[in-house]
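Peer 1: Structure: work.pdb, PDB, C-alpha atoms, pLDDT in the B column.
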```pdb
ATOM      1  CA  MET A  14      18.212 -27.066  10.028  1.00 50.00           C
ATOM      2  CA  GLU A  15      15.365 -26.953  12.489  1.00 55.00           C
ATOM      3  CA  LYS A  16      16.553 -23.588  13.772  1.00 53.00           C
ATOM      4  CA  ILE A  17      16.850 -22.128  10.282  1.00 54.00           C
ATOM      5  CA  TYR A  18      13.332 -23.056   9.254  1.00 54.00           C
ATOM      6  CA  SER A  19      11.619 -22.371  12.570  1.00 51.00           C
ATOM      7  CA  GLU A  20      12.644 -18.703  12.631  1.00 52.00           C
ATOM      8  CA  HIS A  21       9.630 -17.413  10.684  1.00 54.00           C
ATOM      9  CA  ALA A  22       7.341 -20.371  11.131  1.00 52.00           C
ATOM     10  CA  ASN A  23       4.412 -18.198  12.220  1.00 55.00           C
ATOM     11  CA  ALA A  24       4.589 -16.226   8.948  1.00 55.00           C
ATOM     12  CA  CYS A  25       2.725 -19.088   7.297  1.00 64.00           C
ATOM     13  CA  GLU A  26       0.090 -19.245  10.008  1.00 75.00           C
ATOM     14  CA  VAL A  27      -3.457 -19.453   8.724  1.00 82.00           C
ATOM     15  CA  ILE A  28      -5.648 -16.977  10.525  1.00 88.00           C
ATOM     16  CA  GLN A  29      -9.048 -15.399  10.052  1.00 92.00           C
ATOM     17  CA  ALA A  30     -10.514 -12.038  10.902  1.00 92.00           C
ATOM     18  CA  LYS A  31     -12.762 -12.128  13.956  1.00 93.00           C
ATOM     19  CA  LYS A  32     -16.532 -12.409  13.689  1.00 94.00           C
ATOM     20  CA  GLU A  33     -16.778  -9.010  15.364  1.00 94.00           C
ATOM     21  CA  THR A  34     -14.747  -7.443  12.572  1.00 94.00           C
ATOM     22  CA  ILE A  35     -16.973  -8.972   9.907  1.00 95.00           C
ATOM     23  CA  SER A  36     -20.058  -7.903  11.824  1.00 95.00           C
ATOM     24  CA  LEU A  37     -18.717  -4.342  12.015  1.00 94.00           C
ATOM     25  CA  LEU A  38     -18.031  -4.339   8.281  1.00 95.00           C
ATOM     26  CA  MET A  39     -21.565  -5.546   7.572  1.00 96.00           C
ATOM     27  CA  GLN A  40     -23.045  -2.858   9.801  1.00 94.00           C
ATOM     28  CA  TYR A  41     -20.880  -0.243   8.102  1.00 94.00           C
ATOM     29  CA  SER A  42     -21.972  -1.487   4.697  1.00 94.00           C
ATOM     30  CA  ARG A  43     -25.660  -1.321   5.639  1.00 93.00           C
ATOM     31  CA  ALA A  44     -25.250   2.193   7.029  1.00 93.00           C
ATOM     32  CA  LEU A  45     -23.205   3.642   4.173  1.00 92.00           C
ATOM     33  CA  HIS A  46     -25.052   5.374   1.384  1.00 89.00           C
ATOM     34  CA  TYR A  47     -24.056   7.663  -1.425  1.00 86.00           C
ATOM     35  CA  LEU A  48     -26.261  10.497  -2.560  1.00 83.00           C
ATOM     36  CA  GLU A  49     -25.391  12.132  -5.834  1.00 78.00           C
ATOM     37  CA  TYR A  50     -26.043  15.799  -6.304  1.00 79.00           C
ATOM     38  CA  LYS A  51     -24.972  17.582  -9.483  1.00 75.00           C
ATOM     39  CA  GLY A  52     -22.617  14.726 -10.288  1.00 76.00           C
ATOM     40  CA  ILE A  53     -20.853  14.860  -6.912  1.00 80.00           C
ATOM     41  CA  PRO A  54     -21.248  11.767  -4.694  1.00 76.00           C
ATOM     42  CA  PHE A  55     -21.936  12.645  -1.049  1.00 84.00           C
ATOM     43  CA  GLU A  56     -21.189   9.997   1.564  1.00 83.00           C
ATOM     44  CA  THR A  57     -23.764   9.493   4.332  1.00 85.00           C
ATOM     45  CA  ILE A  58     -23.772   7.134   7.272  1.00 82.00           C
ATOM     46  CA  LEU A  59     -27.232   6.274   8.559  1.00 79.00           C
ATOM     47  CA  ASN A  60     -27.545   5.172  12.159  1.00 65.00           C
TER      48      ASN A  60
ATOM     49  CA  MET B  21     -22.242 -30.929  -4.849  1.00 49.00           C
ATOM     50  CA  GLU B  22     -23.230 -27.477  -3.611  1.00 53.00           C
ATOM     51  CA  HIS B  23     -23.460 -24.781  -6.253  1.00 67.00           C
ATOM     52  CA  GLN B  24     -21.249 -21.801  -5.475  1.00 80.00           C
ATOM     53  CA  THR B  25     -22.097 -18.403  -6.916  1.00 85.00           C
ATOM     54  CA  ASP B  26     -18.993 -16.834  -8.428  1.00 89.00           C
ATOM     55  CA  ASP B  27     -17.444 -13.636  -7.093  1.00 91.00           C
ATOM     56  CA  SER B  28     -18.407 -11.544 -10.067  1.00 91.00           C
ATOM     57  CA  THR B  29     -22.138 -12.360  -9.631  1.00 92.00           C
ATOM     58  CA  LEU B  30     -21.923 -11.660  -5.909  1.00 93.00           C
ATOM     59  CA  VAL B  31     -20.293  -8.292  -6.582  1.00 93.00           C
ATOM     60  CA  GLN B  32     -23.093  -7.383  -8.988  1.00 92.00           C
ATOM     61  CA  ASP B  33     -25.696  -8.541  -6.428  1.00 93.00           C
ATOM     62  CA  TYR B  34     -24.060  -6.405  -3.756  1.00 94.00           C
ATOM     63  CA  ILE B  35     -23.963  -3.349  -6.024  1.00 92.00           C
ATOM     64  CA  SER B  36     -27.658  -3.958  -6.669  1.00 93.00           C
ATOM     65  CA  GLY B  37     -28.323  -3.773  -2.929  1.00 92.00           C
ATOM     66  CA  ASP B  38     -27.970  -7.357  -1.682  1.00 94.00           C
ATOM     67  CA  GLU B  39     -25.969  -6.970   1.545  1.00 94.00           C
ATOM     68  CA  ARG B  40     -25.864 -10.739   2.046  1.00 95.00           C
ATOM     69  CA  ALA B  41     -23.668 -11.011  -1.072  1.00 95.00           C
ATOM     70  CA  LEU B  42     -20.946  -8.986   0.657  1.00 95.00           C
ATOM     71  CA  GLU B  43     -21.072 -11.251   3.689  1.00 95.00           C
ATOM     72  CA  ILE B  44     -20.545 -14.287   1.463  1.00 95.00           C
ATOM     73  CA  LEU B  45     -17.605 -12.589  -0.267  1.00 95.00           C
ATOM     74  CA  ILE B  46     -15.982 -11.597   3.028  1.00 96.00           C
ATOM     75  CA  ASN B  47     -16.406 -15.067   4.538  1.00 95.00           C
ATOM     76  CA  ARG B  48     -15.200 -16.749   1.364  1.00 95.00           C
ATOM     77  CA  HIS B  49     -11.934 -14.809   1.243  1.00 95.00           C
ATOM     78  CA  ASN B  50     -11.473 -14.007   4.923  1.00 95.00           C
ATOM     79  CA  GLN B  51      -8.839 -16.651   5.659  1.00 94.00           C
ATOM     80  CA  ARG B  52      -6.813 -16.019   2.535  1.00 93.00           C
ATOM     81  CA  ILE B  53      -6.721 -12.238   2.874  1.00 95.00           C
ATOM     82  CA  THR B  54      -6.127 -12.167   6.639  1.00 95.00           C
ATOM     83  CA  SER B  55      -3.362 -14.779   6.388  1.00 93.00           C
ATOM     84  CA  PHE B  56      -1.754 -12.848   3.550  1.00 92.00           C
ATOM     85  CA  ILE B  57      -1.766  -9.644   5.632  1.00 94.00           C
ATOM     86  CA  TYR B  58      -0.515 -11.481   8.714  1.00 92.00           C
ATOM     87  CA  SER B  59       2.336 -13.084   6.739  1.00 90.00           C
ATOM     88  CA  LYS B  60       3.612  -9.560   6.048  1.00 89.00           C
ATOM     89  CA  VAL B  61       2.955  -7.655   9.272  1.00 90.00           C
ATOM     90  CA  LEU B  62       3.332 -10.565  11.742  1.00 89.00           C
ATOM     91  CA  ASP B  63       0.989  -8.869  14.172  1.00 90.00           C
ATOM     92  CA  ARG B  64      -2.516 -10.187  14.725  1.00 92.00           C
ATOM     93  CA  ASP B  65      -4.069  -6.869  15.757  1.00 93.00           C
ATOM     94  CA  ALA B  66      -2.440  -5.011  12.865  1.00 93.00           C
ATOM     95  CA  ALA B  67      -3.586  -7.741  10.468  1.00 94.00           C
ATOM     96  CA  GLU B  68      -7.143  -7.403  11.789  1.00 95.00           C
ATOM     97  CA  ASP B  69      -7.032  -3.600  11.366  1.00 95.00           C
ATOM     98  CA  ILE B  70      -5.656  -3.822   7.838  1.00 96.00           C
ATOM     99  CA  PHE B  71      -8.279  -6.429   6.907  1.00 96.00           C
ATOM    100  CA  GLN B  72     -10.984  -4.078   8.198  1.00 96.00           C
ATOM    101  CA  ASP B  73      -9.558  -1.068   6.328  1.00 96.00           C
ATOM    102  CA  THR B  74      -9.271  -3.145   3.180  1.00 96.00           C
ATOM    103  CA  PHE B  75     -12.964  -4.026   3.196  1.00 96.00           C
ATOM    104  CA  ILE B  76     -13.974  -0.500   4.124  1.00 95.00           C
ATOM    105  CA  LYS B  77     -12.239   0.582   0.893  1.00 95.00           C
ATOM    106  CA  VAL B  78     -13.935  -2.274  -0.982  1.00 95.00           C
ATOM    107  CA  ILE B  79     -17.370  -1.270   0.355  1.00 95.00           C
ATOM    108  CA  LYS B  80     -16.830   2.413  -0.473  1.00 93.00           C
ATOM    109  CA  THR B  81     -15.646   1.671  -4.003  1.00 93.00           C
ATOM    110  CA  LEU B  82     -18.489  -0.725  -4.746  1.00 93.00           C
ATOM    111  CA  LYS B  83     -21.175   1.539  -3.257  1.00 91.00           C
ATOM    112  CA  LYS B  84     -19.814   4.551  -5.099  1.00 88.00           C
ATOM    113  CA  GLY B  85     -20.039   2.591  -8.346  1.00 86.00           C
ATOM    114  CA  ASN B  86     -16.339   2.994  -9.064  1.00 85.00           C
ATOM    115  CA  TYR B  87     -15.598  -0.725  -9.374  1.00 87.00           C
ATOM    116  CA  SER B  88     -14.861  -1.924 -12.861  1.00 83.00           C
ATOM    117  CA  GLU B  89     -14.835  -5.635 -13.460  1.00 71.00           C
ATOM    118  CA  GLU B  90     -11.529  -5.574 -15.308  1.00 71.00           C
ATOM    119  CA  GLY B  91      -9.887  -8.291 -13.290  1.00 64.00           C
ATOM    120  CA  LYS B  92     -11.028 -10.689 -10.631  1.00 87.00           C
ATOM    121  CA  PHE B  93     -12.463  -9.595  -7.319  1.00 91.00           C
ATOM    122  CA  LEU B  94      -9.887 -11.344  -5.099  1.00 92.00           C
ATOM    123  CA  PRO B  95      -6.748  -9.987  -6.831  1.00 92.00           C
ATOM    124  CA  TRP B  96      -8.292  -6.520  -6.618  1.00 93.00           C
ATOM    125  CA  VAL B  97      -8.901  -6.891  -2.856  1.00 95.00           C
ATOM    126  CA  MET B  98      -5.416  -8.327  -2.382  1.00 94.00           C
ATOM    127  CA  ARG B  99      -3.973  -5.291  -4.142  1.00 93.00           C
ATOM    128  CA  ILE B 100      -5.845  -2.957  -1.782  1.00 95.00           C
ATOM    129  CA  ALA B 101      -4.565  -4.988   1.193  1.00 95.00           C
ATOM    130  CA  HIS B 102      -1.045  -4.877  -0.207  1.00 94.00           C
ATOM    131  CA  ASN B 103      -1.163  -1.062  -0.501  1.00 94.00           C
ATOM    132  CA  LEU B 104      -2.449  -0.766   3.053  1.00 95.00           C
ATOM    133  CA  ILE B 105       0.375  -3.016   4.283  1.00 93.00           C
ATOM    134  CA  ILE B 106       2.856  -0.629   2.628  1.00 92.00           C
ATOM    135  CA  ASP B 107       1.114   2.317   4.338  1.00 92.00           C
ATOM    136  CA  TYR B 108       1.355   0.462   7.655  1.00 92.00           C
ATOM    137  CA  PHE B 109       5.129   0.005   7.327  1.00 89.00           C
ATOM    138  CA  ARG B 110       5.574   3.558   6.070  1.00 87.00           C
ATOM    139  CA  LYS B 111       3.689   4.905   9.071  1.00 84.00           C
ATOM    140  CA  ASN B 112       5.727   2.780  11.493  1.00 79.00           C
ATOM    141  CA  LYS B 113       8.979   3.876   9.878  1.00 71.00           C
ATOM    142  CA  ARG B 114       8.229   7.478  10.821  1.00 60.00           C
ATOM    143  CA  MET B 115       8.266   6.485  14.470  1.00 57.00           C
ATOM    144  CA  PRO B 116      11.909   6.294  15.642  1.00 54.00           C
ATOM    145  CA  LYS B 117      12.842   2.801  16.763  1.00 59.00           C
ATOM    146  CA  PHE B 118      15.733   2.350  19.146  1.00 58.00           C
ATOM    147  CA  GLU B 119      17.209  -1.011  18.476  1.00 61.00           C
ATOM    148  CA  GLY B 120      20.476  -1.658  20.229  1.00 61.00           C
ATOM    149  CA  GLY B 121      23.512  -2.894  18.354  1.00 65.00           C
ATOM    150  CA  ASP B 122      27.285  -2.740  18.369  1.00 66.00           C
ATOM    151  CA  ASP B 123      27.366   0.079  15.835  1.00 69.00           C
ATOM    152  CA  PHE B 124      24.349   1.906  17.220  1.00 66.00           C
ATOM    153  CA  ASN B 125      24.843   5.015  19.273  1.00 67.00           C
ATOM    154  CA  ILE B 126      21.784   6.276  21.142  1.00 64.00           C
ATOM    155  CA  PHE B 127      23.177   9.837  21.037  1.00 65.00           C
ATOM    156  CA  SER B 128      22.995   9.847  17.259  1.00 65.00           C
ATOM    157  CA  VAL B 129      19.208   9.693  17.677  1.00 61.00           C
ATOM    158  CA  ILE B 130      18.695  11.761  20.818  1.00 64.00           C
ATOM    159  CA  GLY B 131      20.084  15.194  20.111  1.00 63.00           C
ATOM    160  CA  ASP B 132      20.489  18.014  22.621  1.00 66.00           C
ATOM    161  CA  GLU B 133      20.095  21.443  21.074  1.00 69.00           C
ATOM    162  CA  LYS B 134      21.555  23.229  24.108  1.00 73.00           C
ATOM    163  CA  PRO B 135      25.225  24.235  23.957  1.00 72.00           C
ATOM    164  CA  ASN B 136      27.504  22.301  26.260  1.00 78.00           C
ATOM    165  CA  VAL B 137      28.965  23.907  29.402  1.00 81.00           C
ATOM    166  CA  GLU B 138      32.148  25.064  27.658  1.00 81.00           C
ATOM    167  CA  LYS B 139      30.262  26.723  24.787  1.00 81.00           C
ATOM    168  CA  GLN B 140      27.846  28.322  27.261  1.00 82.00           C
ATOM    169  CA  LEU B 141      30.760  29.805  29.233  1.00 84.00           C
ATOM    170  CA  ILE B 142      32.311  31.231  26.050  1.00 83.00           C
ATOM    171  CA  LYS B 143      28.936  32.651  24.994  1.00 82.00           C
ATOM    172  CA  ASP B 144      28.464  34.308  28.388  1.00 83.00           C
ATOM    173  CA  GLN B 145      31.960  35.812  28.151  1.00 84.00           C
ATOM    174  CA  ILE B 146      31.272  37.187  24.667  1.00 83.00           C
ATOM    175  CA  ASP B 147      27.941  38.656  25.822  1.00 83.00           C
ATOM    176  CA  SER B 148      29.657  40.308  28.748  1.00 84.00           C
ATOM    177  CA  ASP B 149      32.504  41.713  26.556  1.00 82.00           C
ATOM    178  CA  LEU B 150      30.042  42.983  23.990  1.00 85.00           C
ATOM    179  CA  SER B 151      28.003  44.653  26.701  1.00 85.00           C
ATOM    180  CA  MET B 152      31.114  46.572  27.833  1.00 84.00           C
ATOM    181  CA  LEU B 153      31.877  47.587  24.243  1.00 86.00           C
ATOM    182  CA  ILE B 154      28.337  48.875  23.761  1.00 88.00           C
ATOM    183  CA  ASP B 155      28.741  51.002  26.883  1.00 87.00           C
ATOM    184  CA  GLU B 156      31.632  52.781  25.103  1.00 86.00           C
ATOM    185  CA  LEU B 157      29.255  54.079  22.401  1.00 89.00           C
ATOM    186  CA  PRO B 158      27.711  57.569  22.525  1.00 90.00           C
ATOM    187  CA  ASP B 159      24.407  57.543  24.424  1.00 90.00           C
ATOM    188  CA  ASP B 160      22.117  58.126  21.407  1.00 91.00           C
ATOM    189  CA  GLN B 161      23.735  55.309  19.388  1.00 92.00           C
ATOM    190  CA  ARG B 162      23.833  52.941  22.352  1.00 91.00           C
ATOM    191  CA  ASP B 163      20.119  53.461  23.073  1.00 91.00           C
ATOM    192  CA  VAL B 164      19.094  52.716  19.481  1.00 92.00           C
ATOM    193  CA  LEU B 165      21.291  49.610  19.325  1.00 91.00           C
ATOM    194  CA  ILE B 166      19.952  48.236  22.620  1.00 89.00           C
ATOM    195  CA  MET B 167      16.341  48.852  21.603  1.00 89.00           C
ATOM    196  CA  ARG B 168      16.844  47.234  18.202  1.00 90.00           C
ATOM    197  CA  ILE B 169      19.021  44.239  19.102  1.00 88.00           C
ATOM    198  CA  TYR B 170      18.125  43.410  22.703  1.00 85.00           C
ATOM    199  CA  LYS B 171      14.532  44.635  22.900  1.00 84.00           C
ATOM    200  CA  ASP B 172      13.690  43.658  19.308  1.00 86.00           C
ATOM    201  CA  MET B 173      11.904  46.959  18.674  1.00 87.00           C
ATOM    202  CA  SER B 174      11.165  48.158  15.145  1.00 90.00           C
ATOM    203  CA  PHE B 175      12.710  51.415  13.903  1.00 91.00           C
ATOM    204  CA  LYS B 176       9.229  52.948  13.949  1.00 90.00           C
ATOM    205  CA  GLU B 177       8.894  52.086  17.658  1.00 88.00           C
ATOM    206  CA  ILE B 178      12.429  53.341  18.329  1.00 90.00           C
ATOM    207  CA  SER B 179      11.682  56.653  16.599  1.00 90.00           C
ATOM    208  CA  GLU B 180       8.495  57.070  18.673  1.00 88.00           C
ATOM    209  CA  CYS B 181      10.303  56.163  21.873  1.00 87.00           C
ATOM    210  CA  THR B 182      13.303  58.447  21.342  1.00 87.00           C
ATOM    211  CA  GLY B 183      11.392  61.291  19.668  1.00 89.00           C
ATOM    212  CA  VAL B 184      13.485  61.295  16.490  1.00 90.00           C
ATOM    213  CA  SER B 185      12.607  60.420  12.896  1.00 92.00           C
ATOM    214  CA  ILE B 186      12.965  56.885  11.573  1.00 91.00           C
ATOM    215  CA  ASN B 187      15.820  58.032   9.328  1.00 92.00           C
ATOM    216  CA  THR B 188      17.702  59.431  12.305  1.00 92.00           C
ATOM    217  CA  ALA B 189      17.184  56.192  14.238  1.00 92.00           C
ATOM    218  CA  LEU B 190      18.468  54.232  11.227  1.00 93.00           C
ATOM    219  CA  GLY B 191      21.495  56.527  10.975  1.00 92.00           C
ATOM    220  CA  ARG B 192      22.266  56.120  14.685  1.00 92.00           C
ATOM    221  CA  MET B 193      22.080  52.351  14.348  1.00 93.00           C
ATOM    222  CA  ARG B 194      24.422  52.449  11.346  1.00 92.00           C
ATOM    223  CA  TYR B 195      26.967  54.576  13.222  1.00 92.00           C
ATOM    224  CA  ALA B 196      26.630  52.435  16.330  1.00 91.00           C
ATOM    225  CA  LEU B 197      27.675  49.362  14.295  1.00 91.00           C
ATOM    226  CA  ILE B 198      30.489  51.242  12.529  1.00 91.00           C
ATOM    227  CA  ASN B 199      31.828  52.493  15.845  1.00 90.00           C
ATOM    228  CA  LEU B 200      31.545  49.076  17.469  1.00 88.00           C
ATOM    229  CA  ARG B 201      33.636  47.581  14.646  1.00 88.00           C
ATOM    230  CA  LYS B 202      36.187  50.377  15.083  1.00 87.00           C
ATOM    231  CA  ILE B 203      36.511  49.685  18.818  1.00 85.00           C
ATOM    232  CA  ILE B 204      36.850  45.943  18.171  1.00 85.00           C
ATOM    233  CA  GLN B 205      39.527  46.436  15.475  1.00 84.00           C
ATOM    234  CA  LYS B 206      41.414  49.039  17.475  1.00 82.00           C
ATOM    235  CA  ASN B 207      41.681  46.772  20.516  1.00 78.00           C
ATOM    236  CA  ASN B 208      42.225  43.552  18.542  1.00 76.00           C
ATOM    237  CA  ILE B 209      39.258  41.964  20.265  1.00 76.00           C
ATOM    238  CA  VAL B 210      38.149  38.520  19.035  1.00 76.00           C
ATOM    239  CA  LEU B 211      34.469  37.850  19.562  1.00 73.00           C
ATOM    240  CA  THR B 212      33.908  34.273  18.486  1.00 69.00           C
ATOM    241  CA  ASN B 213      33.275  30.894  20.041  1.00 57.00           C
ATOM    242  CA  TYR B 214      35.149  28.925  17.331  1.00 53.00           C
TER     243      TYR B 214
END
```
Can you give me the file's structure in the form of structure tokens?
Peer 2:
Amino acid sequence: MEKIYSEHANACEVIQAKKETISLLMQYSRALHYLEYKGIPFETILN
Amino acid sequence: MEHQTDDSTLVQDYISGDERALEILINRHNQRITSFIYSKVLDRDAAEDIFQDTFIKVIKTLKKGNYSEEGKFLPWVMRIAHNLIIDYFRKNKRMPKFEGGDDFNIFSVIGDEKPNVEKQLIKDQIDSDLSMLIDELPDDQRDVLIMRIYKDMSFKEISECTGVSINTALGRMRYALINLRKIIQKNNIVLTNY
């Protein structure tokens, strides 16, 4: 029984995305802007 | 008891320009979304990448103003993650995987386009026989056939090279083929590698 249930034990592992990933997403979010010209949204990334 | 702002309010705050609202949303659902992705891909780095791509899509959609509050925020994000997981497996499927097994033959995956030694020998023999047959043709027909078949020249180039009209070059080619067939039939020659 132990062998049957231990096969995919790590599938239930609780994990979190790294702080670096969240930080990158926040930086991306702050940099991303949309400018609309004649109804067309233009994507811009500000450094 | 600490008051917790609901997702829908945070989404509206973020759309209005409050970047902090996004951070709260990400941190609130980080564990659930990452664990969900990991439970499917079973690879920490891939899970991290898919989580990142998921929120990049979320950010783009919200900033573009394309988000409609039809359902809840989390199920929407989970659906994006789910689609990206499918893309991940689809992309990996394109890469050939060589997993050994009793009924697995590596040569069914690795193909060799080159003919084997036996076929190559037969091909060389046919080429040599055909070359001798072509030598039997009248000079003008032989020249046109060699230029067309072996040198891959157009009939315009052949006509310029031989100083005859295109029609004459075409006629010579036609007679060269007719005569080759005649020689082959007359001598009962079999030119095939089957």
Peer 1: Provide as a PyMOL selection string the residues of chain A at most 10 Å from chain B, counting all atoms listed in the file.
Peer 2: chain A and resi 21-32+34-43+45-49+54-56
Peer 1: Counting all atoms listed in the file, which of B:Ser148, B:Glu90, B:Asn136, B:Leu153 gets nearest to B:Lys206?
Peer 2: B:Leu153
Peer 1: Taking the point (37.1, 49.7, 22.4) as given in the file, collect each protein or nucleic acid residue that comes within 12 Å of it, counting all atoms listed in the file, and present the set as a list in words.
Peer 2: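 All residues meeting the 12 Å criterion around (37.1, 49.7, 22.4) are Asp149, Leu150, Ser151, Met152, Leu153, Ile154, Asp155, Glu156, Leu157, Ile198, Asn199, Leu200, Arg201, Lys202, Ile203, Ile204, Gln205, Lys206, Asn207, Asn208, Ile209 and Val210 of chain B.
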Peer 1: Rounded to one decimal, what separation in Å do you get between atom CA of B:Arg48 and atom CA of B:Pro95?
Peer 2: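 A separation of 13.6 Å between them.
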Peer 1: Please report the interatomic distance between atom CA of B:Arg99 and atom CA of A:Glu33 in Å with one decimal.
Peer 2: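 Computing it gives 23.6 Å between the two atoms.
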Peer 1: So how far away is atom CA of B:Ile169 from atom CA of B:Lys139, in Å?
Peer 2: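 Pair atom CA of B:Lys139 / atom CA of B:Ile169 returns 21.6 Å.
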Peer 1: Tell me, as a PDB file with C-alpha atoms, keeping the file's coordinate frame, which residues lie within 10 Å of B:Ser179, counting all atoms listed in the file; anything in the same chain fewer than 5 positions away does not count.
Peer 2:
```pdb
ATOM      1  CA  VAL B 164      19.094  52.716  19.481  1.00 92.00           C
ATOM      2  CA  MET B 173      11.904  46.959  18.674  1.00 87.00           C
ATOM      3  CA  SER B 174      11.165  48.158  15.145  1.00 90.00           C
ATOM      4  CA  VAL B 184      13.485  61.295  16.490  1.00 90.00           C
ATOM      5  CA  SER B 185      12.607  60.420  12.896  1.00 92.00           C
ATOM      6  CA  ILE B 186      12.965  56.885  11.573  1.00 91.00           C
ATOM      7  CA  ASN B 187      15.820  58.032   9.328  1.00 92.00           C
ATOM      8  CA  THR B 188      17.702  59.431  12.305  1.00 92.00           C
ATOM      9  CA  ALA B 189      17.184  56.192  14.238  1.00 92.00           C
ATOM     10  CA  LEU B 190      18.468  54.232  11.227  1.00 93.00           C
TER      11      LEU B 190
END
```
Peer 1: With a distance cut-off of 12 Å and all atoms listed in the file, select the neighbouring residues of B:Asp107, excluding the residue or stretch itself and same-chain residues fewer than 5 positions from it, and output the selection as a VMD selection string.
Peer 2: chain B and resid 61 66 70 73 to 74 100 to 102 112 to 114
